[in-house]
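Content type PDB, C-alpha atoms, from the file coords.pdb:
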ATOM      1  CA  VAL G 208     -15.687  -4.753 -16.656  1.00  0.00           C
ATOM      2  CA  GLY G 209     -16.939  -6.338 -13.447  1.00  0.00           C
ATOM      3  CA  ASN G 210     -15.310  -7.559 -10.254  1.00  0.00           C
ATOM      4  CA  GLU G 211     -15.469 -11.270  -9.396  1.00  0.00           C
ATOM      5  CA  VAL G 212     -18.687 -11.695 -11.395  1.00  0.00           C
ATOM      6  CA  LEU G 213     -17.782 -15.232 -12.503  1.00  0.00           C
ATOM      7  CA  PHE G 214     -16.678 -16.231  -9.008  1.00  0.00           C
ATOM      8  CA  ARG G 215     -19.953 -15.008  -7.501  1.00  0.00           C
ATOM      9  CA  GLY G 216     -22.051 -16.364 -10.375  1.00  0.00           C
ATOM     10  CA  ASP G 217     -23.388 -12.909 -11.327  1.00  0.00           C
ATOM     11  CA  GLN G 218     -22.510 -13.476 -15.017  1.00  0.00           C
ATOM     12  CA  ASP G 219     -21.596 -16.405 -17.209  1.00  0.00           C
ATOM     13  CA  GLU G 220     -18.499 -16.352 -19.416  1.00  0.00           C
ATOM     14  CA  ASN G 221     -20.369 -15.630 -22.658  1.00  0.00           C
ATOM     15  CA  THR G 222     -22.229 -12.654 -21.211  1.00  0.00           C
ATOM     16  CA  LEU G 223     -19.099 -11.225 -19.614  1.00  0.00           C
ATOM     17  CA  VAL G 224     -17.100 -11.564 -22.845  1.00  0.00           C
ATOM     18  CA  LYS G 225     -19.960  -9.860 -24.710  1.00  0.00           C
ATOM     19  CA  TYR G 226     -19.829  -6.916 -22.251  1.00  0.00           C
ATOM     20  CA  ILE G 227     -16.034  -6.684 -22.543  1.00  0.00           C
ATOM     21  CA  ASN G 228     -16.247  -6.609 -26.343  1.00  0.00           C
ATOM     22  CA  GLU G 229     -18.967  -3.958 -26.197  1.00  0.00           C
ATOM     23  CA  VAL G 230     -16.799  -1.740 -23.994  1.00  0.00           C
ATOM     24  CA  LYS G 231     -13.841  -2.295 -26.352  1.00  0.00           C
ATOM     25  CA  LYS G 232     -15.853  -0.889 -29.245  1.00  0.00           C
ATOM     26  CA  ASN G 233     -16.001   2.445 -27.401  1.00  0.00           C
ATOM     27  CA  SER G 234     -12.670   2.420 -25.550  1.00  0.00           C
ATOM     28  CA  ASN G 235     -10.605   4.422 -28.042  1.00  0.00           C
ATOM     29  CA  GLY G 236      -7.687   2.045 -27.539  1.00  0.00           C
ATOM     30  CA  ILE G 237      -7.751   2.093 -23.747  1.00  0.00           C
ATOM     31  CA  PRO G 238      -7.079  -1.428 -22.410  1.00  0.00           C
ATOM     32  CA  VAL G 239     -10.241  -3.226 -21.337  1.00  0.00           C
ATOM     33  CA  CYS G 240     -10.097  -5.786 -18.544  1.00  0.00           C
ATOM     34  CA  CYS G 241     -12.146  -7.461 -15.871  1.00  0.00           C
ATOM     35  CA  VAL G 242     -11.172  -8.541 -12.367  1.00  0.00           C
ATOM     36  CA  ASP G 243     -11.790 -12.029 -11.049  1.00  0.00           C
ATOM     37  CA  ILE G 244     -10.313 -14.773  -8.898  1.00  0.00           C
ATOM     38  CA  TYR G 245      -7.173 -16.136 -10.556  1.00  0.00           C
ATOM     39  CA  ASN G 246      -8.622 -19.581 -11.249  1.00  0.00           C
ATOM     40  CA  GLU G 247     -11.601 -18.102 -13.132  1.00  0.00           C
ATOM     41  CA  PHE G 248      -9.167 -17.029 -15.850  1.00  0.00           C
ATOM     42  CA  ILE G 249      -7.695 -20.521 -15.930  1.00  0.00           C
ATOM     43  CA  SER G 250     -11.174 -22.026 -16.282  1.00  0.00           C
ATOM     44  CA  HIS G 251     -12.380 -19.513 -18.906  1.00  0.00           C
ATOM     45  CA  PRO G 252     -10.020 -19.211 -21.894  1.00  0.00           C
ATOM     46  CA  ALA G 253     -12.477 -16.986 -23.799  1.00  0.00           C
ATOM     47  CA  LEU G 254     -12.152 -14.482 -20.958  1.00  0.00           C
ATOM     48  CA  VAL G 255      -8.361 -14.506 -21.292  1.00  0.00           C
ATOM     49  CA  ASN G 256      -8.714 -13.859 -25.017  1.00  0.00           C
ATOM     50  CA  ALA G 257     -11.209 -11.014 -24.521  1.00  0.00           C
ATOM     51  CA  CYS G 258      -9.226  -9.081 -21.898  1.00  0.00           C
ATOM     52  CA  ASP G 259      -6.327  -6.804 -22.821  1.00  0.00           C
ATOM     53  CA  LYS G 260      -4.720  -7.425 -19.423  1.00  0.00           C
ATOM     54  CA  LEU G 261      -5.517  -9.990 -16.729  1.00  0.00           C
ATOM     55  CA  LEU G 262      -6.437  -8.582 -13.323  1.00  0.00           C
ATOM     56  CA  ILE G 263      -6.368 -11.421 -10.812  1.00  0.00           C
ATOM     57  CA  ASN G 264      -7.450 -11.561  -7.188  1.00  0.00           C
ATOM     58  CA  CYS G 265      -5.291 -13.992  -5.209  1.00  0.00           C
ATOM     59  CA  TYR G 266      -5.921 -14.894  -1.582  1.00  0.00           C
ATOM     60  CA  PRO G 267      -3.786 -17.731  -0.210  1.00  0.00           C
ATOM     61  CA  PHE G 268      -5.613 -17.170   3.099  1.00  0.00           C
ATOM     62  CA  TRP G 269      -9.020 -18.182   1.704  1.00  0.00           C
ATOM     63  CA  GLU G 270      -7.410 -21.289   0.203  1.00  0.00           C
ATOM     64  CA  GLY G 271      -6.052 -22.317   3.609  1.00  0.00           C
ATOM     65  CA  ALA G 272      -2.339 -21.730   3.028  1.00  0.00           C
ATOM     66  CA  HIS G 273      -0.023 -21.690   6.045  1.00  0.00           C
ATOM     67  CA  ILE G 274       1.548 -18.253   6.488  1.00  0.00           C
ATOM     68  CA  GLU G 275       5.058 -19.696   5.997  1.00  0.00           C
ATOM     69  CA  HIS G 276       4.028 -20.844   2.496  1.00  0.00           C
ATOM     70  CA  ALA G 277       1.568 -18.091   1.594  1.00  0.00           C
ATOM     71  CA  GLY G 278       4.047 -16.018  -0.407  1.00  0.00           C
ATOM     72  CA  VAL G 279       5.079 -19.006  -2.503  1.00  0.00           C
ATOM     73  CA  TYR G 280       1.407 -19.932  -2.867  1.00  0.00           C
ATOM     74  CA  LEU G 281       0.726 -16.454  -4.281  1.00  0.00           C
ATOM     75  CA  GLN G 282       3.572 -16.906  -6.755  1.00  0.00           C
ATOM     76  CA  GLU G 283       2.068 -20.247  -7.838  1.00  0.00           C
ATOM     77  CA  MET G 284      -1.310 -18.570  -8.424  1.00  0.00           C
ATOM     78  CA  TYR G 285       0.384 -15.908 -10.524  1.00  0.00           C
ATOM     79  CA  ASN G 286       2.445 -18.435 -12.491  1.00  0.00           C
ATOM     80  CA  LYS G 287      -0.605 -20.592 -13.269  1.00  0.00           C
ATOM     81  CA  VAL G 288      -2.273 -17.589 -14.878  1.00  0.00           C
ATOM     82  CA  LYS G 289       0.954 -16.572 -16.602  1.00  0.00           C
ATOM     83  CA  ALA G 290       1.065 -20.009 -18.247  1.00  0.00           C
ATOM     84  CA  ILE G 291      -2.310 -19.385 -19.969  1.00  0.00           C
ATOM     85  CA  SER G 292      -2.018 -15.599 -20.424  1.00  0.00           C
ATOM     86  CA  ASN G 293      -0.929 -15.584 -24.071  1.00  0.00           C
ATOM     87  CA  GLY G 294       1.773 -13.104 -23.044  1.00  0.00           C
ATOM     88  CA  LYS G 295      -0.706 -10.550 -21.693  1.00  0.00           C
ATOM     89  CA  GLU G 296       0.233  -8.441 -18.695  1.00  0.00           C
ATOM     90  CA  ILE G 297      -0.992  -9.848 -15.397  1.00  0.00           C
ATOM     91  CA  ILE G 298      -1.743  -7.561 -12.472  1.00  0.00           C
ATOM     92  CA  ILE G 299      -2.500  -8.909  -9.012  1.00  0.00           C
ATOM     93  CA  SER G 300      -5.436  -6.636  -8.341  1.00  0.00           C
ATOM     94  CA  GLU G 301      -6.075  -7.907  -4.806  1.00  0.00           C
ATOM     95  CA  THR G 302      -4.173  -9.918  -2.245  1.00  0.00           C
ATOM     96  CA  GLY G 303      -3.977  -9.679   1.513  1.00  0.00           C
ATOM     97  CA  TRP G 304      -4.192 -11.394   4.878  1.00  0.00           C
ATOM     98  CA  PRO G 305      -6.671 -10.694   7.681  1.00  0.00           C
ATOM     99  CA  GLY G 306      -5.604  -9.622  11.145  1.00  0.00           C
ATOM    100  CA  ASN G 307      -8.577 -11.253  12.873  1.00  0.00           C
ATOM    101  CA  GLY G 308     -11.234 -13.894  12.266  1.00  0.00           C
ATOM    102  CA  GLN G 309     -11.715 -17.576  11.652  1.00  0.00           C
ATOM    103  CA  VAL G 310      -8.951 -20.024  10.778  1.00  0.00           C
ATOM    104  CA  VAL G 311      -9.243 -21.435   7.237  1.00  0.00           C
ATOM    105  CA  GLY G 312      -7.354 -24.701   6.848  1.00  0.00           C
ATOM    106  CA  GLU G 313      -3.801 -23.841   7.942  1.00  0.00           C
ATOM    107  CA  ALA G 314      -4.322 -20.093   7.416  1.00  0.00           C
ATOM    108  CA  VAL G 315      -4.383 -18.278  10.760  1.00  0.00           C
ATOM    109  CA  PRO G 316      -5.460 -14.634  10.860  1.00  0.00           C
ATOM    110  CA  SER G 317      -3.390 -12.375  13.108  1.00  0.00           C
ATOM    111  CA  LYS G 318      -1.759  -8.957  13.054  1.00  0.00           C
ATOM    112  CA  GLN G 319       1.656 -10.608  12.881  1.00  0.00           C
ATOM    113  CA  ASN G 320       0.655 -12.769   9.914  1.00  0.00           C
ATOM    114  CA  LEU G 321      -0.914  -9.784   8.150  1.00  0.00           C
ATOM    115  CA  MET G 322       2.350  -7.838   8.351  1.00  0.00           C
ATOM    116  CA  TYR G 323       4.477 -10.899   7.506  1.00  0.00           C
ATOM    117  CA  TYR G 324       2.434 -11.532   4.364  1.00  0.00           C
ATOM    118  CA  TYR G 325       2.368  -7.850   3.420  1.00  0.00           C
ATOM    119  CA  LEU G 326       6.153  -7.555   3.577  1.00  0.00           C
ATOM    120  CA  GLU G 327       6.778 -10.868   1.816  1.00  0.00           C
ATOM    121  CA  VAL G 328       4.502 -10.124  -1.141  1.00  0.00           C
ATOM    122  CA  GLN G 329       5.733  -6.537  -1.520  1.00  0.00           C
ATOM    123  CA  LEU G 330       9.353  -7.736  -1.664  1.00  0.00           C
ATOM    124  CA  TRP G 331       8.553 -10.484  -4.165  1.00  0.00           C
ATOM    125  CA  ALA G 332       6.477  -8.186  -6.403  1.00  0.00           C
ATOM    126  CA  ALA G 333       9.252  -5.578  -6.478  1.00  0.00           C
ATOM    127  CA  GLN G 334      11.921  -8.181  -7.228  1.00  0.00           C
ATOM    128  CA  ALA G 335       9.823  -9.960  -9.888  1.00  0.00           C
ATOM    129  CA  ASN G 336       8.534  -6.694 -11.383  1.00  0.00           C
ATOM    130  CA  VAL G 337       4.925  -7.754 -10.830  1.00  0.00           C
ATOM    131  CA  LYS G 338       2.239  -5.121 -10.347  1.00  0.00           C
ATOM    132  CA  LEU G 339       0.419  -5.869  -7.107  1.00  0.00           C
ATOM    133  CA  TYR G 340      -2.296  -4.071  -5.152  1.00  0.00           C
ATOM    134  CA  TYR G 341      -2.544  -4.962  -1.491  1.00  0.00           C
ATOM    135  CA  PHE G 342      -6.005  -5.365   0.005  1.00  0.00           C
ATOM    136  CA  SER G 343      -6.706  -3.412   2.038  1.00  0.00           C
ATOM    137  CA  SER G 344      -5.711  -0.070   3.423  1.00  0.00           C
ATOM    138  CA  PHE G 345      -8.532   0.064   5.975  1.00  0.00           C
ATOM    139  CA  ASP G 346     -10.638  -2.431   7.898  1.00  0.00           C
ATOM    140  CA  GLU G 347     -14.246  -2.673   6.720  1.00  0.00           C
ATOM    141  CA  ALA G 348     -16.655  -3.393   9.568  1.00  0.00           C
ATOM    142  CA  TRP G 349     -19.619  -3.693   7.177  1.00  0.00           C
ATOM    143  CA  LYS G 350     -18.282  -7.017   5.871  1.00  0.00           C
ATOM    144  CA  ILE G 351     -19.075  -8.835   9.114  1.00  0.00           C
ATOM    145  CA  HIS G 352     -22.335 -10.220   7.705  1.00  0.00           C
ATOM    146  CA  SER G 353     -20.894 -11.656   4.493  1.00  0.00           C
ATOM    147  CA  GLU G 354     -17.336 -12.665   5.439  1.00  0.00           C
ATOM    148  CA  GLY G 355     -17.300 -12.891   9.250  1.00  0.00           C
ATOM    149  CA  TRP G 356     -14.581 -11.292  11.359  1.00  0.00           C
ATOM    150  CA  ALA G 357     -11.878 -12.103   8.813  1.00  0.00           C
ATOM    151  CA  GLY G 358     -13.702  -9.996   6.228  1.00  0.00           C
ATOM    152  CA  THR G 359     -13.618  -6.988   8.522  1.00  0.00           C
ATOM    153  CA  SER G 360      -9.901  -6.950   9.298  1.00  0.00           C
ATOM    154  CA  TRP G 361      -7.747  -6.939   6.142  1.00  0.00           C
ATOM    155  CA  GLY G 362      -6.574  -3.370   6.579  1.00  0.00           C
ATOM    156  CA  LEU G 363      -3.204  -1.953   7.554  1.00  0.00           C
ATOM    157  CA  TRP G 364      -5.270   0.701   9.365  1.00  0.00           C
ATOM    158  CA  ASP G 365      -8.279  -0.017  11.568  1.00  0.00           C
ATOM    159  CA  GLU G 366     -11.793   1.286  10.897  1.00  0.00           C
ATOM    160  CA  ASN G 367     -10.928   4.483  12.852  1.00  0.00           C
ATOM    161  CA  GLU G 368      -7.941   5.175  10.562  1.00  0.00           C
ATOM    162  CA  ASN G 369      -5.366   4.207  13.196  1.00  0.00           C
ATOM    163  CA  PHE G 370      -2.284   2.453  11.831  1.00  0.00           C
ATOM    164  CA  LYS G 371      -2.172  -1.037  13.362  1.00  0.00           C
ATOM    165  CA  PHE G 372       1.610  -1.276  13.510  1.00  0.00           C
ATOM    166  CA  ASN G 373       2.951   1.601  15.603  1.00  0.00           C
TER     167      ASN G 373
END

Could you show the structure in this file as structure tokens?
Amino acid sequence: VGNEVLFRGDQDENTLVKYINEVKKNSNGIPVCCVDIYNEFISHPALVNACDKLLINCYPFWEGAHIEHAGVYLQEMYNKVKAISNGKEIIISETGWPGNGQVVGEAVPSKQNLMYYYLEVQLWAAQANVKLYYFSSFDEAWKIHSEGWAGTSWGLWDENENFKFN
């Protein structure tokens, strides 16, 4: 129910929990969740209680992590949510690294760093048995206006569907 609506300020916690509970009434036992930035779950315990699973978006890049520490940083994000999850399953619904764009703190976008981060997080998730969805398959040129060049270049393939790592 929603994607990053607390992070963007589209909904407040009470309204979002109300929507989640409304969907649950008609879900026939299907798990009901929402997706938001990992720290929104930490800051909103009622949201944790309302969701059947916790779908967290984690971007060490946007928090300025150096590429050499980004994988560990992701694990810290995950573990912070795990500590408040009440035993609920946690799925990393988005994580990634841009191949181009502005530097954020110590986070440098580049094709090499994109692939380094991709491999590191895939290996960790497999070893730790954590469900993880990598963002993104394809570059998205339309994001230039809201996220700058970094927003356009998260994909493993470019906007013309060419694999970046031949």

Length of the atom CA of G:Val328 to atom CA of G:Asp346 vector [Å]
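Computing it gives 19.2 Å between the two atoms.
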
Selected by the PyMOL selection byres ((chain G and resi 339-345) around 10) in the shown coordinates: which residues, as a PyMOL selection string?
chain G and resi 262-264+266+297-305+325+328-329+331-333+336-338+346-348+359-371

When the PyMOL selection byres ((chain G and resi 281) around 9) is applied to the structure above, which residues does it catch, written out as number ranges by chain?
G: 265-267, 276-280, 282-286, 302, 328

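Put simply, atom CA of G:Val208 is 4.5 Å away from atom CA of G:Cys241.
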
For stretch 273-282 of chain G, take all atoms listed in the file, fit an axis-aligned box around them, add 3 Å to each of the six sides, then output centre and edge lengths in Å rounded to one decimal, as JSON.
{"center_x": 2.5, "center_y": -18.9, "center_z": -0.1, "size_x": 11.1, "size_y": 11.7, "size_z": 19.2}

Just the number, please: distance in Å from atom CA of G:Asn307 to atom CA of G:Glu327, one decimal.
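Spanning atom CA of G:Asn307 to atom CA of G:Glu327 is a straight-line distance of 18.9 Å.
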
For G:Ser250, the closest of G:Phe214, G:Tyr324, G:Phe372, G:Tyr226 counting only C-alpha atoms is G:Phe214

Which residues come within 10 Å of G:Ser292, counting all atoms listed in the file, excluding same-chain residues fewer than 2 positions away, as JSON, numbers by chain?
{"G": [248, 249, 252, 255, 256, 258, 260, 261, 286, 287, 288, 289, 290, 294, 295, 296, 297]}

Pull C-alpha atoms from the residues just selected and write them as a tab-separated table (two decimals), keeping the file's coordinate frame.
chain	number	residue	atom	x	y	z
G	248	PHE	CA	-9.17	-17.03	-15.85
G	249	ILE	CA	-7.70	-20.52	-15.93
G	252	PRO	CA	-10.02	-19.21	-21.89
G	255	VAL	CA	-8.36	-14.51	-21.29
G	256	ASN	CA	-8.71	-13.86	-25.02
G	258	CYS	CA	-9.23	-9.08	-21.90
G	260	LYS	CA	-4.72	-7.42	-19.42
G	261	LEU	CA	-5.52	-9.99	-16.73
G	286	ASN	CA	2.44	-18.43	-12.49
G	287	LYS	CA	-0.60	-20.59	-13.27
G	288	VAL	CA	-2.27	-17.59	-14.88
G	289	LYS	CA	0.95	-16.57	-16.60
G	290	ALA	CA	1.06	-20.01	-18.25
G	294	GLY	CA	1.77	-13.10	-23.04
G	295	LYS	CA	-0.71	-10.55	-21.69
G	296	GLU	CA	0.23	-8.44	-18.70
G	297	ILE	CA	-0.99	-9.85	-15.40

So that I can check the surroundings of G:Val239, please list as a list of chain:residue names every protein, DNA and RNA residue that reaches within 7 Å of it, counting all atoms listed in the file and ignoring chain neighbours fewer than 3 positions away.
G:Ile227, G:Lys231, G:Cys258, G:Asp259

Would you kindly return, as number ranges by chain, each protein, DNA or RNA residue with an atom no farther than 9 Å from any atom of G:His273, considering all atoms listed in the file and excluding same-chain residues fewer than 5 positions away?
G: 267-268, 312-315

Using only C-alpha atoms, the best pick from G:Gly308, G:Ala272, G:Asp243, G:Pro316 as closest to G:Gln218 would be G:Asp243

Measuring atom to atom with all atoms listed in the file, identify which of G:Glu270, G:Glu275, G:Glu247, G:Glu354 is nearest to G:Gly216.
G:Glu247

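Shell of G:Leu254 at 8 Å, with all atoms listed in the file counted and residues fewer than 3 places along the chain excluded, is Glu220, Leu223, Val224, Phe248, His251, Ala257 and Cys258 of chain G.
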
In terms of the shortest atom-to-atom distance over all atoms listed in the file, which of G:Ser317, G:Gln309, G:Asn373, G:Asn210 is closest to G:Trp356?
G:Gln309
